[in-house]
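Visitor: One structure, as structure tokens, below. Some questions next.
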Amino acid sequence: MFNIIFDLDETLVESLKASDELFDFISKKYDFDLPIIEFRLVLRQLLVDFYKKYSNAEFMKYGMGINDLFMHPNIDKYLPGIDIEKAKVNLLKQSFRLLDMDYGHEDAVDISRDMKIKWLDFYEPVKGASETIEKLKNGGAALFILTNGFSYMQRKKAERCLNTELFDGIYISEELGIGKPDKIVFETIIEREKLDRKNTVMIGDRYNSDFIPAQKAGFKAVLFDRYNRNREKIEKVHSLTEFCELIERDNL
């Protein structure tokens, strides 16, 4: 049986859907009078501009999510010398002004608080994740997670959605000091777990961050292409059930 390395976001847990549902919750609770996508796009650009100031910071190597600033409860430790709560409120207030929304300081404070408190509530496993993990584990596979992001957030997602006791190791970019697609990430898991490259499979939803670097590391690679967006003639599956069947057939 193979050693199997899973990506986390959009491979085992529904991250994009969770983000959508969080913002839908905010929109309904605060009775936004415009499509939430308009608010998200404006806030996203403000966040991109905000992060540019910290492009050389250590935490930027972790592959953080665009909205992590609002969700991580201890984000201030990565941004010393800045009043992070004030910064988040100001970003929301800027969004209000740019969209001509009739919301003020207290609304921004409340929305910032709700995002930090509620973000995890909307995470759920990708369809078939729990069954696939259990079946592969029972079949003798060694299972690992290799994911980019902050340790606190990635572990919370995994613990909420998956039986993490079934994994032999969970590797997170913050703990490694660098994220995918850097080859150091893949070499580290090989060395620590004493993996046979030719008997190791990586599955993830990102062609450039999961599939290609896994191949370069000497792993068998499978692209998790749920929405049939990739046109490359490569090994890919559209569901975790299909991936499980592929592994059981030893057809790689």
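Scheme for the structure tokens: letters A, B, ... for chains in order shown; per-chain residue numbers from 1; ligand numbers from 1 in order shown.
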Once DSSP has gone over the backbone, tell me which residues of segment 1-240 of chain A are in strand (DSSP E or B), as a VMD selection string.
Guide: chain A and resid 3 to 6 9 13 125 142 to 147 169 to 172 200 to 204 220 to 224 236 to 237
Visitor: Mind dumping a table of every segment 117-197 of chain A residue within 7 Å of segment 204-226 of chain A, with the nearest atom pair and its distance in Å to one decimal, using only C-alpha atoms, sorted by chain and rising number, as CSV?
Guide:
residue,atom,partner,partner_atom,distance
A:Lys180,CA,A:Ser209,CA,5.6
A:Pro181,CA,A:Ser209,CA,4.5
A:Lys183,CA,A:Pro213,CA,6.6
A:Phe186,CA,A:Ala217,CA,6.5
A:Arg197,CA,A:Phe219,CA,5.1
Visitor: As a ChimeraX atom specification, please: the residues near Pro35 of chain A (cut-off 12 Å, only C-alpha atoms, same-chain neighbours under 4 positions excluded).
Guide: /A:23-24,26-28,31,39-42,99,101
Visitor: Nearest to Thr132 of chain A: which of A:Leu16, A:Asn163, A:Asp107, A:Asp196 is it, counting only C-alpha atoms?
Guide: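 Of A:Leu16, A:Asn163, A:Asp107, A:Asp196, the one nearest Thr132 of chain A is A:Asn163, counting only C-alpha atoms.
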